[in-house]
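Notes to accompany the following structure.
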Amino acid sequence: MQRRRTALLTLTALLATALTALPAGAEETERLRNGTFDTTTEPWWTTSNVTASPVEGRLCAEVPGGTANRWDAAVGQSGITLVKGETYRLSFKASGAPEGQVVRAVVGLSQEPYDTWFEASPHLEPGGGAYAYTFTSPVDTTLGQVAFQAGGGADDWRFCMDDVSLLGGVAPEPYEPDTGPRVRVNQVAYLPSGPKNATVVTDAARRLPWQLKNAAGRTVAHGWTVPRGTDASSGEPVHSLDFGAFRGRGQGFTLVADGETSRPFDIDASAYDKLRLDALKYYYTQRSGTPVRDDLRPGYGRPAGHVDVAPNQGDGAVPCRAGVCDYTLDVTGGWYDAGDHGKYVVNGGISTWEVLSTYERALHARTADPGRLGDGTLAIPESGNKVPDILDEARWELEFLLKMQVPAGQPLAGMAHHKVHDEQWTGLPLLPDDDPQPRALHPPTTQATLNLAATAAQAARLYRPHDRRFAARALTAARTAWSAALAHPTTYADPNDGTGGGAYPDDDATDEFYWAAAELYLTTGEKQFERHILGSPVHTADIFGPLGYDWARTAAAGRLDLATVPNRLPGGDRVRRSVTRGADTYLATLDAQAYGMPYAPGDNRFDWGSNHQILHNAVVLATAYDLTGDRKYRDGALESMDYLLGRNALNISYVTGYGEVAAHHQHSRWYARQLDPKLPSPPAGTLAGGPNSSIQDPLAQERLQGCVGQFCYIDDIQSWSTNEHTINWNSALARMASFVADQGRAPADRPVRG
């Protein structure tokens, strides 16, 4: 299911490194006037604080320092016609002095809401340089503009440009991903006691020999591949190979087959201890309403965002969208949802549940140890307070969720507002404290209210040993939310409410009611919640479908907790059997896939955030192992991680900082090093969304037309439909990394604690 239905404004560029020849007969049309500035700068305009004039055949602009945003000082031309679906080449020569200057070149709408259809941010040299980019227009318009935004710096500087051209009718740039060696492996690590599988892209009809080599190049194992025919998920002919019989340890192994040598990998468990923590450390840098300390996250320190300090409008007293309510709420804190500055209760709910469930599993699973997630493990400001760091981090979001509840005495009291975010989409890059947009609360919904009820109820039982007062407050909020949802069972989000933030629409709350009832029952044991669980059609339904669970499909959250958290629900054995049946289905899917993932969407159409769906299906396998101790489920869960870490058609690890070639340009306004070298890339342990057959963003549409399954992905900051990062995707990674780390400590062939 599509995660958002948005018209995201600024993220549509196709940056090109070379110009392509036009096909015979193509007609190029210049869209700009006077791009050479031989005698005048007309019809180019400037903002009122910029002085521009022709200087030796160039337009040179004196840019003032002390402005807050790039658009506060700009040069541009308006009244430009663009044709939807036509490819354009924007080219120019430019210089900036003194050195170290960046200009943001934008093609967009010349009036509110100032939609951006293309942007690039070249770094200028005092001696000048030439720049060229191609993009495809997503709209028909006569109100376009080309603008060069130069503000946001502390000091004055000079910007000069010449030979500015916007040429229509050019050929699109061809795109061919670099997939590296044809032997595809988990580039991070295999467990010594775990399964070890790889995939070879080859059209060989017969089996092929393979060798496993250690770091010194010595062959330590060998065998034969198994031809698998054409893999549907990639459209390529492949073989698979199994080297699981090798139980040695070490670093720098490679696999050799069909004349190709894989990227290196380890056979060792230690990488997963680190990944478990890195995937959770991600949340500290996503925090809103507090400074991120550079001593805790070197290179990621930044001021607090949205705390009512200009240019922020702030979250301290946010009004409702017009006509929704007549009060304001303090909704500071929480986690920024993804690469934007919005905060959403539905996505915050499933994310918080999964982070809490990572800890709750450690309390009950046979192979787990809660000490691995204890105080001091995540290097956050709360470390040292004698509370497990994972609970401290989750509480940062929980406190925000509680603030989103409609106050007593107001219409819809007890419901939860669906979301809070900017009135309009903002551009990239933009640090949270620099966001100038007004903020607004959006209408309460049944789904948001039940997300609050579920997570607050879960929190009540987990925080009780550490903070009884907070646990009691959370349970009170959960009960209030449950009652409010019962009174308003069909108050759904507007699917068209996608300006400035994701809509997160969902027209069925049956699954959220089931999930919330399950969490309230597990915490209280009360009959009213037991009756709702047993009477829900969800309780006996097959809920483990191909796409897995997510923010819009939450029934599995309730089912998994009912199966694993100790309780006295009648028919508990049937609940647990339903999980193992779901795991059997995912295991069969995995076995049928040459790349070994428990994911085979209908018509081979990979969904938005497919990587986290693969992880969620793996969570079901892991849970089945926790319930039964049957090694087949453990091995299936472990093998599922291989796909995310490099054993895929693109030969890329989708986790930043893990693997020789890893995603590191995820869509983000502040992890935006691709656009501004002064900013960081996403932190280690950040999961990319992954292949998305719908390729909703224009960059993906330009480069990936006709893509097959796994190839519908590009590691570029502009590809928000394939390469976003989000709090709910990283929670799936954290949960599975924690499971794998536990298996590395407690191999399946030795006794584990009960």
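Ligands are numbered from 1 in the order shown, chains are lettered A, B, ... in the order of the structure tokens, and residues start at 1 in each chain.
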Might you pull out every residue within 12 Å of Lys527 of chain A, with only C-alpha atoms counted and same-chain residues fewer than 5 positions away left off, and present them as a compact mmCIF listing (two decimals) with all heavy atoms, in the first residue's frame?
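What follows is the written file out32.txt:
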# COMPACT_ATOMS: atom_id res chain seq x y z
N ALA A 517 -7.39 -3.25 21.35
CA ALA A 517 -8.00 -4.14 22.33
C ALA A 517 -6.99 -5.15 22.85
O ALA A 517 -6.96 -5.47 24.05
CB ALA A 517 -9.20 -4.85 21.72
N ALA A 518 -6.14 -5.66 21.95
CA ALA A 518 -5.13 -6.63 22.36
C ALA A 518 -4.16 -6.01 23.36
O ALA A 518 -3.83 -6.63 24.39
CB ALA A 518 -4.38 -7.15 21.14
N LEU A 520 -4.59 -3.37 25.30
CA LEU A 520 -5.28 -3.07 26.56
C LEU A 520 -5.55 -4.35 27.35
O LEU A 520 -5.43 -4.36 28.59
CB LEU A 520 -6.58 -2.32 26.25
CG LEU A 520 -6.41 -0.83 25.94
CD1 LEU A 520 -7.59 -0.29 25.15
CD2 LEU A 520 -6.22 -0.04 27.24
N TYR A 521 -5.88 -5.42 26.66
CA TYR A 521 -6.11 -6.69 27.36
C TYR A 521 -4.81 -7.22 27.98
O TYR A 521 -4.78 -7.67 29.13
CB TYR A 521 -6.68 -7.73 26.40
CG TYR A 521 -6.77 -9.10 27.03
CD1 TYR A 521 -7.75 -9.40 27.97
CD2 TYR A 521 -5.83 -10.08 26.70
CE1 TYR A 521 -7.80 -10.65 28.57
CE2 TYR A 521 -5.89 -11.33 27.30
CZ TYR A 521 -6.87 -11.60 28.23
OH TYR A 521 -6.92 -12.85 28.83
N LEU A 522 -3.72 -7.17 27.23
CA LEU A 522 -2.46 -7.68 27.74
C LEU A 522 -1.98 -6.89 28.96
O LEU A 522 -1.30 -7.44 29.82
CB LEU A 522 -1.39 -7.63 26.63
CG LEU A 522 -1.60 -8.62 25.48
CD1 LEU A 522 -0.64 -8.33 24.35
CD2 LEU A 522 -1.44 -10.06 25.98
N HIS A 532 -13.89 -7.96 23.06
CA HIS A 532 -13.71 -7.33 21.75
C HIS A 532 -12.76 -8.16 20.89
O HIS A 532 -13.01 -8.34 19.69
CB HIS A 532 -13.16 -5.91 21.90
CG HIS A 532 -13.12 -5.18 20.59
ND1 HIS A 532 -14.15 -4.36 20.15
CD2 HIS A 532 -12.21 -5.19 19.59
CE1 HIS A 532 -13.86 -3.89 18.96
NE2 HIS A 532 -12.68 -4.37 18.59
N ILE A 533 -11.70 -8.67 21.49
CA ILE A 533 -10.76 -9.51 20.72
C ILE A 533 -11.48 -10.73 20.16
O ILE A 533 -11.41 -11.01 18.95
CB ILE A 533 -9.59 -9.95 21.62
CG1 ILE A 533 -8.72 -8.75 22.03
CG2 ILE A 533 -8.73 -11.01 20.93
CD1 ILE A 533 -7.76 -9.06 23.15
N LEU A 534 -12.16 -11.45 21.02
CA LEU A 534 -12.79 -12.70 20.59
C LEU A 534 -13.94 -12.47 19.62
O LEU A 534 -14.25 -13.33 18.79
CB LEU A 534 -13.28 -13.48 21.81
CG LEU A 534 -12.19 -13.92 22.80
CD1 LEU A 534 -12.82 -14.63 24.00
CD2 LEU A 534 -11.16 -14.81 22.12
N GLY A 535 -14.55 -11.30 19.69
CA GLY A 535 -15.66 -10.99 18.79
C GLY A 535 -15.24 -10.33 17.50
O GLY A 535 -16.06 -10.15 16.59
N ARG A 568 -3.90 -14.86 29.45
CA ARG A 568 -4.83 -15.96 29.65
C ARG A 568 -6.01 -15.90 28.68
O ARG A 568 -7.10 -16.37 28.99
CB ARG A 568 -5.35 -15.94 31.09
CG ARG A 568 -4.25 -16.18 32.13
CD ARG A 568 -4.80 -16.18 33.53
NE ARG A 568 -3.76 -16.47 34.52
CZ ARG A 568 -3.96 -16.53 35.83
NH1 ARG A 568 -5.20 -16.33 36.32
NH2 ARG A 568 -2.97 -16.79 36.64
N LEU A 569 -5.78 -15.37 27.52
CA LEU A 569 -6.85 -15.30 26.53
C LEU A 569 -7.30 -16.71 26.14
O LEU A 569 -6.47 -17.56 25.80
CB LEU A 569 -6.36 -14.55 25.28
CG LEU A 569 -7.41 -14.32 24.19
CD1 LEU A 569 -8.39 -13.22 24.63
CD2 LEU A 569 -6.74 -13.94 22.87
N PRO A 570 -8.62 -16.98 26.17
CA PRO A 570 -9.09 -18.29 25.70
C PRO A 570 -8.66 -18.54 24.26
O PRO A 570 -8.70 -17.64 23.42
CB PRO A 570 -10.61 -18.17 25.81
CG PRO A 570 -10.84 -17.13 26.88
CD PRO A 570 -9.72 -16.15 26.70
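Nearest to Lys196 of chain A of all the residues A:Thr686, A:Ser240, A:Thr352, A:Thr134 is A:Ser240, counting only C-alpha atoms.
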Quiz item: Please, which residues of segment 400-649 of chain A, numbered as in this document, come out strand (DSSP E or B) from DSSP, as a list in words?
Solution: Gln405, Ala416, His417, Lys419, Val420, His421, Asp422, Arg439, Ala440, Leu441, Pro444, Thr445, Asp550 and Arg553 of chain A
Please identify all polymer residues within 6 Å of segment 403-417 of chain A, counting only C-alpha atoms, omitting same-chain residues fewer than 3 positions from it, and present them as a short mmCIF file (atom, residue, chain, number, x, y, z; two decimals) with N, CA, C and O atoms, in the first residue's frame.
data_model
loop_
_atom_site.label_atom_id
_atom_site.label_comp_id
_atom_site.auth_asym_id
_atom_site.auth_seq_id
_atom_site.Cartn_x
_atom_site.Cartn_y
_atom_site.Cartn_z
N VAL A 331 2.58 20.55 21.02
CA VAL A 331 2.91 19.24 20.47
C VAL A 331 4.42 19.17 20.17
O VAL A 331 4.85 18.55 19.19
N PHE A 400 4.98 12.79 22.84
CA PHE A 400 4.35 13.53 21.74
C PHE A 400 2.98 12.96 21.42
O PHE A 400 1.99 13.71 21.23
N HIS A 442 -4.08 18.59 12.22
CA HIS A 442 -5.08 18.10 11.28
C HIS A 442 -6.13 17.29 12.04
O HIS A 442 -5.91 16.86 13.17
N PRO A 443 -7.30 17.10 11.45
CA PRO A 443 -8.44 16.57 12.20
C PRO A 443 -8.15 15.24 12.88
O PRO A 443 -7.38 14.41 12.37
N PRO A 444 -8.77 15.00 14.03
CA PRO A 444 -8.65 13.70 14.69
C PRO A 444 -9.23 12.60 13.82
O PRO A 444 -10.17 12.82 13.04
N ALA A 448 -5.82 7.20 14.26
CA ALA A 448 -4.83 7.84 15.12
C ALA A 448 -5.16 7.60 16.59
O ALA A 448 -4.28 7.33 17.42
N THR A 449 -6.42 7.68 16.92
CA THR A 449 -6.85 7.48 18.30
C THR A 449 -6.54 6.08 18.78
O THR A 449 -6.08 5.87 19.92
N THR A 480 -8.99 6.40 27.74
CA THR A 480 -9.75 7.53 27.20
C THR A 480 -9.83 7.45 25.68
O THR A 480 -10.90 7.67 25.08
N ALA A 481 -8.71 7.12 25.05
CA ALA A 481 -8.69 7.01 23.59
C ALA A 481 -9.60 5.87 23.12
O ALA A 481 -10.32 6.01 22.12
N ALA A 484 -13.15 6.99 23.25
CA ALA A 484 -13.42 7.98 22.20
C ALA A 484 -13.54 7.31 20.84
O ALA A 484 -14.39 7.68 20.02
#
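Among the candidates A:Ala271, A:Val102, A:Val619, A:Ala460, the one nearest to Gly636 of chain A when counting only C-alpha atoms is A:Val619.
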Practice problem: Enumerate the residues of segment 332-508 of chain A with a DSSP assignment of alpha helix (DSSP H), computed from the backbone, and present them as JSON, numbers by chain. | Solution: {"A": [345, 346, 347, 348, 349, 350, 351, 352, 353, 354, 355, 356, 357, 358, 359, 360, 361, 362, 363, 364, 389, 390, 391, 392, 393, 394, 395, 396, 397, 398, 399, 400, 401, 402, 403, 446, 447, 448, 449, 450, 451, 452, 453, 454, 455, 456, 457, 458, 459, 460, 461, 462, 463, 468, 469, 470, 471, 472, 473, 474, 475, 476, 477, 478, 479, 480, 481, 482, 483, 484, 485, 486, 487]}
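The interatomic distance for the pair atom CA of Ala732 of chain A and atom CA of Val200 of chain A works out to 27.6 Å.
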Self-check item: Close residues, Trp425 of chain A itself excluded, 12 Å, only C-alpha atoms, min 3 positions apart in chain, as a count of residues only
Solution: 30
Need the shell around Phe470 of chain A: protein/DNA/RNA residues with any atom at most 9 Å away, counting only C-alpha atoms. Skip same-chain ones fewer than 6 positions apart. Format as a PDB file with N, CA, C and O atoms, in the first residue's frame?
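Written out: part_14.pdb:
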ATOM      1  N   ALA A 459       2.845   0.754  26.580  1.00  0.00           N
ATOM      2  CA  ALA A 459       3.790   1.496  27.417  1.00  0.00           C
ATOM      3  C   ALA A 459       3.472   1.311  28.897  1.00  0.00           C
ATOM      4  O   ALA A 459       4.385   1.219  29.736  1.00  0.00           O
ATOM      5  N   ALA A 460       2.192   1.255  29.248  1.00  0.00           N
ATOM      6  CA  ALA A 460       1.812   1.160  30.661  1.00  0.00           C
ATOM      7  C   ALA A 460       2.424  -0.065  31.326  1.00  0.00           C
ATOM      8  O   ALA A 460       2.860  -0.006  32.477  1.00  0.00           O
ATOM      9  N   TYR A 463       6.680   0.342  31.181  1.00  0.00           N
ATOM     10  CA  TYR A 463       7.321   1.388  31.988  1.00  0.00           C
ATOM     11  C   TYR A 463       6.996   1.259  33.476  1.00  0.00           C
ATOM     12  O   TYR A 463       7.611   1.951  34.293  1.00  0.00           O
ATOM     13  N   ARG A 464       6.045   0.381  33.816  1.00  0.00           N
ATOM     14  CA  ARG A 464       5.628   0.276  35.214  1.00  0.00           C
ATOM     15  C   ARG A 464       6.798  -0.015  36.167  1.00  0.00           C
ATOM     16  O   ARG A 464       6.881   0.588  37.244  1.00  0.00           O
TER      17      ARG A 464
END
Quiz item: Between A:Pro138, A:Pro311, A:Val256, A:Ala487, which is the closest to Ala68 of chain A once you count only C-alpha atoms?
Solution: A:Pro311
Quiz item: Rounded to one decimal in Å, what is the spacing between atom CA of Tyr643 of chain A and atom CA of Ala338 of chain A?
Solution: 22.6 Å
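Residues lying within 9 Å of Tyr300 of chain A, counting only C-alpha atoms and ignoring same-chain neighbours fewer than 5 positions away, are Thr285, Val292, Arg293, Asp294, Tyr671, Leu679, Pro680 and Pro683 of chain A.
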Could you save the residues just selected, with all heavy atoms, as a tab-separated table (two decimals), in the first residue's frame?
chain	number	residue	atom	x	y	z
A	285	THR	N	18.68	11.18	16.32
A	285	THR	CA	18.88	12.23	15.31
A	285	THR	C	17.58	12.61	14.62
A	285	THR	O	17.54	13.61	13.89
A	285	THR	CB	19.93	11.81	14.28
A	285	THR	OG1	19.60	10.54	13.72
A	285	THR	CG2	21.31	11.71	14.92
A	292	VAL	N	20.26	18.20	19.06
A	292	VAL	CA	20.97	16.93	18.92
A	292	VAL	C	22.44	17.21	19.23
A	292	VAL	O	23.08	18.02	18.57
A	292	VAL	CB	20.81	16.33	17.51
A	292	VAL	CG1	21.68	15.09	17.33
A	292	VAL	CG2	19.35	15.99	17.25
A	293	ARG	N	22.94	16.57	20.25
A	293	ARG	CA	24.29	16.85	20.75
A	293	ARG	C	25.35	16.21	19.87
A	293	ARG	O	25.31	15.01	19.61
A	293	ARG	CB	24.42	16.37	22.18
A	293	ARG	CG	23.68	17.22	23.19
A	293	ARG	CD	23.61	16.59	24.56
A	293	ARG	NE	24.87	15.97	24.99
A	293	ARG	CZ	25.00	15.28	26.12
A	293	ARG	NH1	23.94	15.14	26.93
A	293	ARG	NH2	26.16	14.74	26.45
A	294	ASP	N	26.31	17.03	19.45
A	294	ASP	CA	27.36	16.52	18.58
A	294	ASP	C	28.30	15.57	19.32
A	294	ASP	O	28.91	14.69	18.70
A	294	ASP	CB	28.16	17.68	17.97
A	294	ASP	CG	28.89	17.26	16.71
A	294	ASP	OD1	28.22	16.96	15.71
A	294	ASP	OD2	30.15	17.20	16.75
A	671	TYR	N	19.75	15.20	6.31
A	671	TYR	CA	20.83	14.29	5.94
A	671	TYR	C	21.02	14.46	4.42
A	671	TYR	O	20.66	13.60	3.63
A	671	TYR	CB	20.47	12.83	6.23
A	671	TYR	CG	19.94	12.56	7.63
A	671	TYR	CD1	18.85	11.72	7.83
A	671	TYR	CD2	20.54	13.12	8.75
A	671	TYR	CE1	18.38	11.44	9.10
A	671	TYR	CE2	20.07	12.86	10.03
A	671	TYR	CZ	18.97	12.02	10.20
A	671	TYR	OH	18.50	11.76	11.46
A	679	LEU	N	26.46	19.30	5.15
A	679	LEU	CA	25.50	18.47	5.86
A	679	LEU	C	25.92	17.01	5.81
A	679	LEU	O	26.65	16.59	4.91
A	679	LEU	CB	24.10	18.64	5.25
A	679	LEU	CG	23.48	20.03	5.38
A	679	LEU	CD1	22.18	20.11	4.60
A	679	LEU	CD2	23.26	20.39	6.84
A	680	PRO	N	25.46	16.20	6.76
A	680	PRO	CA	25.84	14.79	6.77
A	680	PRO	C	24.97	13.93	5.86
A	680	PRO	O	23.87	14.33	5.47
A	680	PRO	CB	25.63	14.39	8.23
A	680	PRO	CG	24.48	15.24	8.67
A	680	PRO	CD	24.66	16.57	7.96
A	683	PRO	N	22.69	8.69	8.99
A	683	PRO	CA	23.58	7.99	9.92
A	683	PRO	C	23.62	6.50	9.64
A	683	PRO	O	22.70	5.92	9.05
A	683	PRO	CB	22.95	8.28	11.29
A	683	PRO	CG	21.52	8.61	11.00
A	683	PRO	CD	21.50	9.26	9.66
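The residue set within 8 Å of Leu167 of chain A, counting only C-alpha atoms and dropping same-chain residues fewer than 2 places from it, reads Glu28, Thr29, Glu30, Arg31, Tyr88, Arg89, Leu90, Ser165, Gly169 and Val170 of chain A.
Between atom CA of Trp157 of chain A and atom CA of Pro98 of chain A lies a distance of 6.4 Å.
Each of A:Tyr359, A:Pro432, A:Ser578, A:Arg703 was checked against Val565 of chain A using only C-alpha atoms; the smallest atom-to-atom distance is that of A:Tyr359.
Distances to Glu360 of chain A were evaluated for A:Lys281, A:Arg479, A:Arg321, A:Arg461 using only C-alpha atoms, and the minimum falls at A:Arg461.
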